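K.L.:
Just so it is clear, I am handing over final_24.tsv, which has TSV, N, CA and C atoms.
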```
chain	number	residue	atom	x	y	z
K	24	MET	N	103.25	-81.45	-60.58
K	24	MET	CA	101.95	-80.91	-60.23
K	24	MET	C	101.73	-81.15	-58.74
K	25	TYR	N	101.05	-80.19	-58.12
K	25	TYR	CA	100.77	-80.30	-56.70
K	25	TYR	C	99.71	-81.36	-56.44
K	26	ASN	N	99.80	-82.03	-55.29
K	26	ASN	CA	98.89	-83.14	-55.00
K	26	ASN	C	97.44	-82.70	-54.85
K	27	PHE	N	97.20	-81.53	-54.30
K	27	PHE	CA	95.82	-81.11	-54.09
K	27	PHE	C	95.11	-80.79	-55.40
K	28	LEU	N	95.85	-80.57	-56.46
K	28	LEU	CA	95.22	-80.25	-57.73
K	28	LEU	C	94.49	-81.44	-58.35
K	29	TYR	N	94.91	-82.66	-58.00
K	29	TYR	CA	94.21	-83.84	-58.53
K	29	TYR	C	92.76	-83.86	-58.08
K	30	SER	N	92.53	-83.59	-56.80
K	30	SER	CA	91.15	-83.58	-56.31
K	30	SER	C	90.37	-82.42	-56.89
K	31	VAL	N	91.01	-81.28	-57.11
K	31	VAL	CA	90.33	-80.13	-57.72
K	31	VAL	C	89.93	-80.45	-59.16
K	32	ILE	N	90.80	-81.12	-59.88
K	32	ILE	CA	90.49	-81.48	-61.27
K	32	ILE	C	89.35	-82.50	-61.31
K	33	ILE	N	89.33	-83.44	-60.38
K	33	ILE	CA	88.24	-84.42	-60.33
K	33	ILE	C	86.92	-83.74	-60.01
K	34	VAL	N	86.93	-82.80	-59.05
K	34	VAL	CA	85.71	-82.05	-58.73
K	34	VAL	C	85.26	-81.23	-59.93
K	35	ASN	N	86.20	-80.67	-60.65
K	35	ASN	CA	85.87	-79.89	-61.84
K	35	ASN	C	85.21	-80.76	-62.90
K	36	ILE	N	85.74	-81.93	-63.13
K	36	ILE	CA	85.15	-82.84	-64.11
K	36	ILE	C	83.75	-83.26	-63.68
K	37	VAL	N	83.57	-83.55	-62.40
K	37	VAL	CA	82.24	-83.93	-61.89
K	37	VAL	C	81.25	-82.77	-62.06
K	38	LEU	N	81.70	-81.56	-61.78
K	38	LEU	CA	80.82	-80.40	-61.96
K	38	LEU	C	80.41	-80.22	-63.42
K	39	TRP	N	81.35	-80.37	-64.34
K	39	TRP	CA	81.00	-80.21	-65.75
K	39	TRP	C	80.08	-81.33	-66.23
K	40	VAL	N	80.27	-82.55	-65.71
K	40	VAL	CA	79.36	-83.64	-66.07
K	40	VAL	C	77.96	-83.35	-65.53
K	41	CYS	N	77.87	-82.82	-64.31
K	41	CYS	CA	76.56	-82.46	-63.75
K	41	CYS	C	75.90	-81.35	-64.57
K	42	VAL	N	76.68	-80.36	-65.00
K	42	VAL	CA	76.13	-79.29	-65.85
K	42	VAL	C	75.61	-79.88	-67.15
K	43	LEU	N	76.37	-80.77	-67.74
K	43	LEU	CA	75.95	-81.39	-69.00
K	43	LEU	C	74.69	-82.24	-68.81
K	44	LEU	N	74.62	-82.99	-67.71
K	44	LEU	CA	73.43	-83.81	-67.45
K	44	LEU	C	72.19	-82.94	-67.22
K	45	VAL	N	72.35	-81.87	-66.46
K	45	VAL	CA	71.21	-80.98	-66.23
K	45	VAL	C	70.81	-80.31	-67.53
K	46	LEU	N	71.77	-79.94	-68.33
K	46	LEU	CA	71.47	-79.28	-69.61
K	46	LEU	C	70.73	-80.22	-70.56
K	47	LEU	N	71.11	-81.48	-70.57
K	47	LEU	CA	70.52	-82.42	-71.53
K	47	LEU	C	69.22	-83.06	-71.05
K	48	PHE	N	69.11	-83.34	-69.75
K	48	PHE	CA	68.00	-84.17	-69.29
K	48	PHE	C	66.98	-83.47	-68.40
K	49	VAL	N	67.22	-82.26	-67.98
K	49	VAL	CA	66.27	-81.55	-67.13
K	49	VAL	C	65.67	-80.41	-67.95
K	50	PRO	N	64.35	-80.43	-68.13
K	50	PRO	CA	63.74	-79.35	-68.92
K	50	PRO	C	63.70	-78.05	-68.12
K	51	PRO	N	63.98	-76.93	-68.77
K	51	PRO	CA	63.98	-75.65	-68.05
K	51	PRO	C	62.59	-75.05	-67.93
K	52	ASN	N	61.66	-75.80	-67.32
K	52	ASN	CA	60.28	-75.33	-67.25
K	52	ASN	C	59.93	-74.70	-65.90
K	53	THR	N	60.80	-74.82	-64.91
K	53	THR	CA	60.53	-74.20	-63.61
K	53	THR	C	61.74	-73.35	-63.21
K	54	PHE	N	61.49	-72.46	-62.26
K	54	PHE	CA	62.57	-71.60	-61.77
K	54	PHE	C	63.64	-72.41	-61.07
K	55	ILE	N	63.24	-73.45	-60.37
K	55	ILE	CA	64.20	-74.28	-59.64
K	55	ILE	C	65.18	-74.94	-60.60
K	56	ASN	N	64.68	-75.48	-61.69
K	56	ASN	CA	65.56	-76.13	-62.67
K	56	ASN	C	66.55	-75.14	-63.28
K	57	ILE	N	66.08	-73.94	-63.57
K	57	ILE	CA	66.96	-72.93	-64.14
K	57	ILE	C	68.01	-72.49	-63.12
K	58	PHE	N	67.59	-72.29	-61.86
K	58	PHE	CA	68.55	-71.90	-60.83
K	58	PHE	C	69.58	-72.99	-60.55
K	59	VAL	N	69.16	-74.24	-60.58
K	59	VAL	CA	70.11	-75.35	-60.38
K	59	VAL	C	71.15	-75.35	-61.49
K	60	PHE	N	70.68	-75.18	-62.73
K	60	PHE	CA	71.63	-75.13	-63.85
K	60	PHE	C	72.59	-73.96	-63.72
K	61	LEU	N	72.06	-72.78	-63.37
K	61	LEU	CA	72.92	-71.60	-63.26
K	61	LEU	C	73.92	-71.74	-62.10
K	62	PHE	N	73.48	-72.33	-60.99
K	62	PHE	CA	74.39	-72.52	-59.86
K	62	PHE	C	75.50	-73.51	-60.20
K	63	LEU	N	75.13	-74.63	-60.84
K	63	LEU	CA	76.15	-75.60	-61.26
K	63	LEU	C	77.09	-74.99	-62.30
K	64	ALA	N	76.55	-74.21	-63.22
K	64	ALA	CA	77.39	-73.55	-64.22
K	64	ALA	C	78.34	-72.56	-63.56
K	65	MET	N	77.85	-71.82	-62.55
K	65	MET	CA	78.71	-70.87	-61.85
K	65	MET	C	79.86	-71.60	-61.16
K	66	LEU	N	79.55	-72.70	-60.49
K	66	LEU	CA	80.62	-73.45	-59.81
K	66	LEU	C	81.61	-74.04	-60.80
K	67	ALA	N	81.10	-74.62	-61.90
K	67	ALA	CA	81.99	-75.25	-62.87
K	67	ALA	C	82.88	-74.21	-63.56
K	68	ILE	N	82.29	-73.09	-63.94
K	68	ILE	CA	83.09	-72.03	-64.57
K	68	ILE	C	84.08	-71.45	-63.57
K	69	GLY	N	83.65	-71.33	-62.31
K	69	GLY	CA	84.53	-70.79	-61.28
K	69	GLY	C	85.74	-71.66	-61.02
K	70	VAL	N	85.53	-72.97	-60.92
K	70	VAL	CA	86.67	-73.86	-60.68
K	70	VAL	C	87.58	-73.92	-61.89
K	71	THR	N	87.01	-73.93	-63.09
K	71	THR	CA	87.82	-73.94	-64.30
K	71	THR	C	88.65	-72.66	-64.41
K	72	ALA	N	88.02	-71.52	-64.16
K	72	ALA	CA	88.75	-70.25	-64.21
K	72	ALA	C	89.81	-70.18	-63.12
K	73	SER	N	89.52	-70.73	-61.95
K	73	SER	CA	90.52	-70.69	-60.88
K	73	SER	C	91.74	-71.54	-61.22
K	74	LEU	N	91.53	-72.65	-61.89
K	74	LEU	CA	92.68	-73.45	-62.33
K	74	LEU	C	93.52	-72.68	-63.34
K	75	SER	N	92.86	-71.96	-64.25
K	75	SER	CA	93.60	-71.16	-65.23
K	75	SER	C	94.35	-70.02	-64.55
K	76	ILE	N	93.70	-69.35	-63.62
K	76	ILE	CA	94.35	-68.25	-62.90
K	76	ILE	C	95.51	-68.78	-62.07
K	77	PHE	N	95.33	-69.94	-61.44
K	77	PHE	CA	96.40	-70.54	-60.64
K	77	PHE	C	97.60	-70.87	-61.51
K	78	LYS	N	97.36	-71.44	-62.68
K	78	LYS	CA	98.45	-71.78	-63.58
K	78	LYS	C	99.18	-70.52	-64.05
K	79	PHE	N	98.42	-69.47	-64.34
K	79	PHE	CA	99.03	-68.21	-64.79
K	79	PHE	C	99.86	-67.58	-63.67
K	80	ARG	N	99.33	-67.59	-62.46
K	80	ARG	CA	100.05	-66.97	-61.34
K	80	ARG	C	101.29	-67.77	-60.93
K	81	THR	N	101.23	-69.09	-60.99
K	81	THR	CA	102.41	-69.87	-60.61
K	81	THR	C	103.49	-69.79	-61.67
K	82	SER	N	103.12	-69.55	-62.91
K	82	SER	CA	104.15	-69.43	-63.93
K	82	SER	C	104.85	-68.07	-63.85
K	83	LYS	N	104.17	-67.06	-63.32
K	83	LYS	CA	104.77	-65.74	-63.24
K	83	LYS	C	105.66	-65.57	-62.01
K	84	GLN	N	105.30	-66.23	-60.90
K	84	GLN	CA	106.08	-66.05	-59.69
K	84	GLN	C	106.05	-67.33	-58.88
K	85	GLN	N	107.10	-67.57	-58.15
K	85	GLN	CA	107.20	-68.76	-57.32
K	85	GLN	C	106.67	-68.45	-55.93
K	86	TRP	N	105.73	-69.25	-55.50
K	86	TRP	CA	105.15	-69.09	-54.17
K	86	TRP	C	105.53	-70.28	-53.32
K	87	SER	N	105.70	-70.04	-52.06
K	87	SER	CA	106.00	-71.14	-51.15
K	87	SER	C	104.73	-71.85	-50.71
K	88	GLY	N	103.59	-71.18	-50.79
K	88	GLY	CA	102.32	-71.76	-50.37
K	88	GLY	C	101.35	-71.89	-51.52
K	89	PRO	N	101.39	-72.99	-52.26
K	89	PRO	CA	100.51	-73.10	-53.43
K	89	PRO	C	99.03	-73.22	-53.04
K	90	ARG	N	98.74	-73.73	-51.86
K	90	ARG	CA	97.33	-73.82	-51.46
K	90	ARG	C	96.74	-72.44	-51.21
K	91	LEU	N	97.52	-71.56	-50.59
K	91	LEU	CA	97.06	-70.20	-50.38
K	91	LEU	C	96.85	-69.50	-51.71
K	92	LEU	N	97.75	-69.72	-52.64
K	92	LEU	CA	97.61	-69.12	-53.96
K	92	LEU	C	96.38	-69.67	-54.68
K	93	PHE	N	96.10	-70.97	-54.50
K	93	PHE	CA	94.91	-71.54	-55.13
K	93	PHE	C	93.64	-70.98	-54.50
K	94	ARG	N	93.63	-70.75	-53.19
K	94	ARG	CA	92.46	-70.15	-52.55
K	94	ARG	C	92.19	-68.76	-53.10
K	95	LYS	N	93.25	-67.99	-53.31
K	95	LYS	CA	93.07	-66.67	-53.90
K	95	LYS	C	92.57	-66.79	-55.35
K	96	SER	N	93.09	-67.75	-56.07
K	96	SER	CA	92.64	-67.97	-57.45
K	96	SER	C	91.19	-68.44	-57.47
K	97	LEU	N	90.80	-69.23	-56.47
K	97	LEU	CA	89.43	-69.71	-56.41
K	97	LEU	C	88.45	-68.56	-56.18
K	98	ARG	N	88.85	-67.59	-55.37
K	98	ARG	CA	88.00	-66.41	-55.17
K	98	ARG	C	87.74	-65.70	-56.49
K	99	TRP	N	88.80	-65.48	-57.26
K	99	TRP	CA	88.64	-64.78	-58.53
K	99	TRP	C	87.90	-65.64	-59.55
K	100	GLY	N	88.09	-66.95	-59.49
K	100	GLY	CA	87.37	-67.84	-60.40
K	100	GLY	C	85.87	-67.84	-60.13
K	101	ILE	N	85.49	-67.86	-58.85
K	101	ILE	CA	84.07	-67.81	-58.50
K	101	ILE	C	83.49	-66.46	-58.89
K	102	PHE	N	84.28	-65.40	-58.80
K	102	PHE	CA	83.82	-64.09	-59.26
K	102	PHE	C	83.52	-64.12	-60.75
K	103	VAL	N	84.39	-64.72	-61.53
K	103	VAL	CA	84.15	-64.85	-62.98
K	103	VAL	C	82.91	-65.70	-63.23
K	104	GLY	N	82.78	-66.81	-62.49
K	104	GLY	CA	81.60	-67.67	-62.63
K	104	GLY	C	80.32	-66.94	-62.27
K	105	PHE	N	80.35	-66.10	-61.22
K	105	PHE	CA	79.18	-65.32	-60.83
K	105	PHE	C	78.79	-64.35	-61.94
K	106	PHE	N	79.77	-63.72	-62.55
K	106	PHE	CA	79.49	-62.78	-63.63
K	106	PHE	C	78.85	-63.49	-64.82
K	107	VAL	N	79.41	-64.62	-65.23
K	107	VAL	CA	78.89	-65.35	-66.39
K	107	VAL	C	77.51	-65.92	-66.09
K	108	ALA	N	77.34	-66.53	-64.90
K	108	ALA	CA	76.05	-67.11	-64.55
K	108	ALA	C	74.99	-66.02	-64.37
K	109	GLY	N	75.38	-64.88	-63.84
K	109	GLY	CA	74.43	-63.77	-63.71
K	109	GLY	C	73.97	-63.26	-65.07
K	110	THR	N	74.90	-63.15	-65.99
K	110	THR	CA	74.54	-62.73	-67.35
K	110	THR	C	73.62	-63.75	-68.01
K	111	LEU	N	73.92	-65.03	-67.83
K	111	LEU	CA	73.04	-66.07	-68.38
K	111	LEU	C	71.67	-66.04	-67.71
K	112	GLY	N	71.64	-65.76	-66.42
K	112	GLY	CA	70.37	-65.67	-65.71
K	112	GLY	C	69.52	-64.52	-66.21
K	113	PHE	N	70.15	-63.37	-66.46
K	113	PHE	CA	69.40	-62.25	-67.03
K	113	PHE	C	68.83	-62.62	-68.40
K	114	LYS	N	69.62	-63.32	-69.18
K	114	LYS	CA	69.15	-63.73	-70.51
K	114	LYS	C	68.05	-64.78	-70.39
K	115	ALA	N	68.16	-65.70	-69.45
K	115	ALA	CA	67.17	-66.76	-69.31
K	115	ALA	C	65.81	-66.23	-68.86
K	116	PHE	N	65.82	-65.22	-68.01
K	116	PHE	CA	64.56	-64.67	-67.49
K	116	PHE	C	64.11	-63.42	-68.24
K	117	ASP	N	64.73	-63.10	-69.35
K	117	ASP	CA	64.41	-61.92	-70.17
K	117	ASP	C	64.42	-60.63	-69.34
K	118	LEU	N	65.42	-60.49	-68.50
K	118	LEU	CA	65.56	-59.30	-67.67
K	118	LEU	C	66.70	-58.40	-68.15
K	119	ILE	N	67.26	-58.71	-69.29
K	119	ILE	CA	68.43	-57.97	-69.73
K	119	ILE	C	67.98	-56.66	-70.38
K	120	ASN	N	68.14	-55.59	-69.64
K	120	ASN	CA	67.93	-54.24	-70.15
K	120	ASN	C	69.03	-53.37	-69.54
K	121	PRO	N	69.22	-52.17	-70.05
K	121	PRO	CA	70.36	-51.37	-69.56
K	121	PRO	C	70.33	-51.08	-68.06
K	122	LEU	N	69.16	-50.87	-67.48
K	122	LEU	CA	69.09	-50.57	-66.06
K	122	LEU	C	69.49	-51.78	-65.21
K	123	ASN	N	68.88	-52.93	-65.49
K	123	ASN	CA	69.19	-54.12	-64.70
K	123	ASN	C	70.64	-54.54	-64.87
K	124	TYR	N	71.11	-54.50	-66.10
K	124	TYR	CA	72.48	-54.93	-66.33
K	124	TYR	C	73.47	-53.92	-65.76
K	125	GLY	N	73.11	-52.64	-65.79
K	125	GLY	CA	73.97	-51.63	-65.17
K	125	GLY	C	74.07	-51.83	-63.66
K	126	LEU	N	72.95	-52.14	-63.02
K	126	LEU	CA	72.98	-52.42	-61.58
K	126	LEU	C	73.78	-53.69	-61.28
K	127	PHE	N	73.64	-54.68	-62.14
K	127	PHE	CA	74.42	-55.90	-61.97
K	127	PHE	C	75.92	-55.61	-62.11
K	128	MET	N	76.26	-54.74	-63.05
K	128	MET	CA	77.67	-54.37	-63.22
K	128	MET	C	78.18	-53.59	-62.01
K	129	LEU	N	77.33	-52.77	-61.39
K	129	LEU	CA	77.73	-52.07	-60.17
K	129	LEU	C	77.97	-53.06	-59.02
K	130	ILE	N	77.12	-54.08	-58.92
K	130	ILE	CA	77.34	-55.11	-57.91
K	130	ILE	C	78.65	-55.83	-58.17
K	131	ASN	N	78.91	-56.16	-59.42
K	131	ASN	CA	80.17	-56.83	-59.75
K	131	ASN	C	81.37	-55.93	-59.49
K	132	LEU	N	81.22	-54.65	-59.75
K	132	LEU	CA	82.30	-53.71	-59.47
K	132	LEU	C	82.57	-53.63	-57.97
K	133	GLY	N	81.51	-53.62	-57.17
K	133	GLY	CA	81.68	-53.63	-55.72
K	133	GLY	C	82.35	-54.90	-55.23
K	134	ILE	N	81.95	-56.03	-55.78
K	134	ILE	CA	82.59	-57.31	-55.40
K	134	ILE	C	84.05	-57.31	-55.83
K	135	TYR	N	84.35	-56.76	-56.99
K	135	TYR	CA	85.72	-56.68	-57.47
K	135	TYR	C	86.60	-55.90	-56.50
K	136	PHE	N	86.14	-54.71	-56.10
K	136	PHE	CA	86.95	-53.90	-55.18
K	136	PHE	C	87.03	-54.55	-53.80
K	137	TRP	N	85.98	-55.26	-53.39
K	137	TRP	CA	86.03	-55.97	-52.12
K	137	TRP	C	87.04	-57.12	-52.18
K	138	LEU	N	87.07	-57.84	-53.30
K	138	LEU	CA	88.02	-58.94	-53.43
K	138	LEU	C	89.45	-58.42	-53.52
K	139	ARG	N	89.64	-57.27	-54.12
K	139	ARG	CA	90.99	-56.70	-54.20
K	139	ARG	C	91.50	-56.25	-52.84
K	140	SER	N	90.59	-55.86	-51.95
K	140	SER	CA	91.02	-55.38	-50.64
K	140	SER	C	91.34	-56.52	-49.67
K	141	ILE	N	90.86	-57.73	-49.96
K	141	ILE	CA	91.16	-58.88	-49.09
K	141	ILE	C	92.60	-59.30	-49.30
K	142	ARG	N	93.31	-59.48	-48.24
K	142	ARG	CA	94.70	-59.92	-48.35
K	142	ARG	C	94.81	-61.36	-48.06
```
Please re-express this file's structure in structure tokens.
P.N.:
Amino acid sequence: MYNFLYSVIIVNIVLWVCVLLVLLFVPPNTFINIFVFLFLAMLAIGVTASLSIFKFRTSKQQWSGPRLLFRKSLRWGIFVGFFVAGTLGFKAFDLINPLNYGLFMLINLGIYFWLRSIR
């Protein structure tokens, strides 16, 4: 295993513990509390997804620069986290209707094509 992955795994565990603590001990009675939970969930899901994407990409092809590959995986992981946290946010604020969710999907589609164009 690469040395930099140890610190990423520790950060991931800390993020999930923070998400769990906010979920259990902070009441969702204000917008700030809900946004803090959604932001922490986005980061935790993003780092977890980036580790999975990194593992999948390194098993398919050998790269000489694993840190560069992890940075690319982190971009896609944060994209997945943004999608999940955005969907949870729509559900939390009762904004989920076809128009809002369609616009959110258009934003995600734009981010997807933007991320694909970055080299």
K.L.:
Would you mind reading off the distance between CA of Asn56 (chain K) and CA of Val70 (chain K), one decimal, in Å?
P.N.:
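Result for CA of Asn56 (chain K) versus CA of Val70 (chain K): 21.3 Å, one decimal.
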K.L.:
Using all atoms listed in the file, which of K:Leu92, K:Leu47, K:Ala64, K:Leu118 sits nearest Gly104 (chain K)?
P.N.:
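Comparing K:Leu92, K:Leu47, K:Ala64, K:Leu118 against Gly104 (chain K), the winner is K:Ala64.
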K.L.:
Nearest to Leu66 (chain K) among K:Leu91, K:Val37, K:Val49, K:Ile119, with distances taken over only C-alpha atoms: which residue is it?
P.N.:
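Residue with the minimum atom-to-atom distance to Leu66 (chain K): K:Val37.
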K.L.:
As a ChimeraX atom specification, please: the residues near region 41-45 of chain K (cut-off 8 Å, only C-alpha atoms, same-chain neighbours under 6 positions excluded).
P.N.:
/K:60,63-64,67
K.L.:
For atom C of Phe102 (chain K) and atom N of Leu126 (chain K), determine how far apart the two atoms are, in Å to one decimal place.
P.N.:
16.1 Å
K.L.:
State, in Å with one decimal place, the distance from CA of Trp137 (chain K) to atom C of Gly112 (chain K).
P.N.:
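Interatomic distance, CA of Trp137 (chain K) to atom C of Gly112 (chain K): 23.3 Å.
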K.L.:
Nearest residue to Val107 (chain K) out of K:Leu122, K:Leu61, K:Leu129, K:Leu138, using only N, CA and C atoms?
P.N.:
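Closest candidate: K:Leu61.
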K.L.:
Mind listing whatever residues come within 6.5 Å of the point (69.7, -66.5, -63.0)? Use all atoms listed in the file, file coordinates, and give them as JSON, numbers by chain.
P.N.:
{"K": [57, 58, 61, 108, 109, 111, 112, 113, 116]}
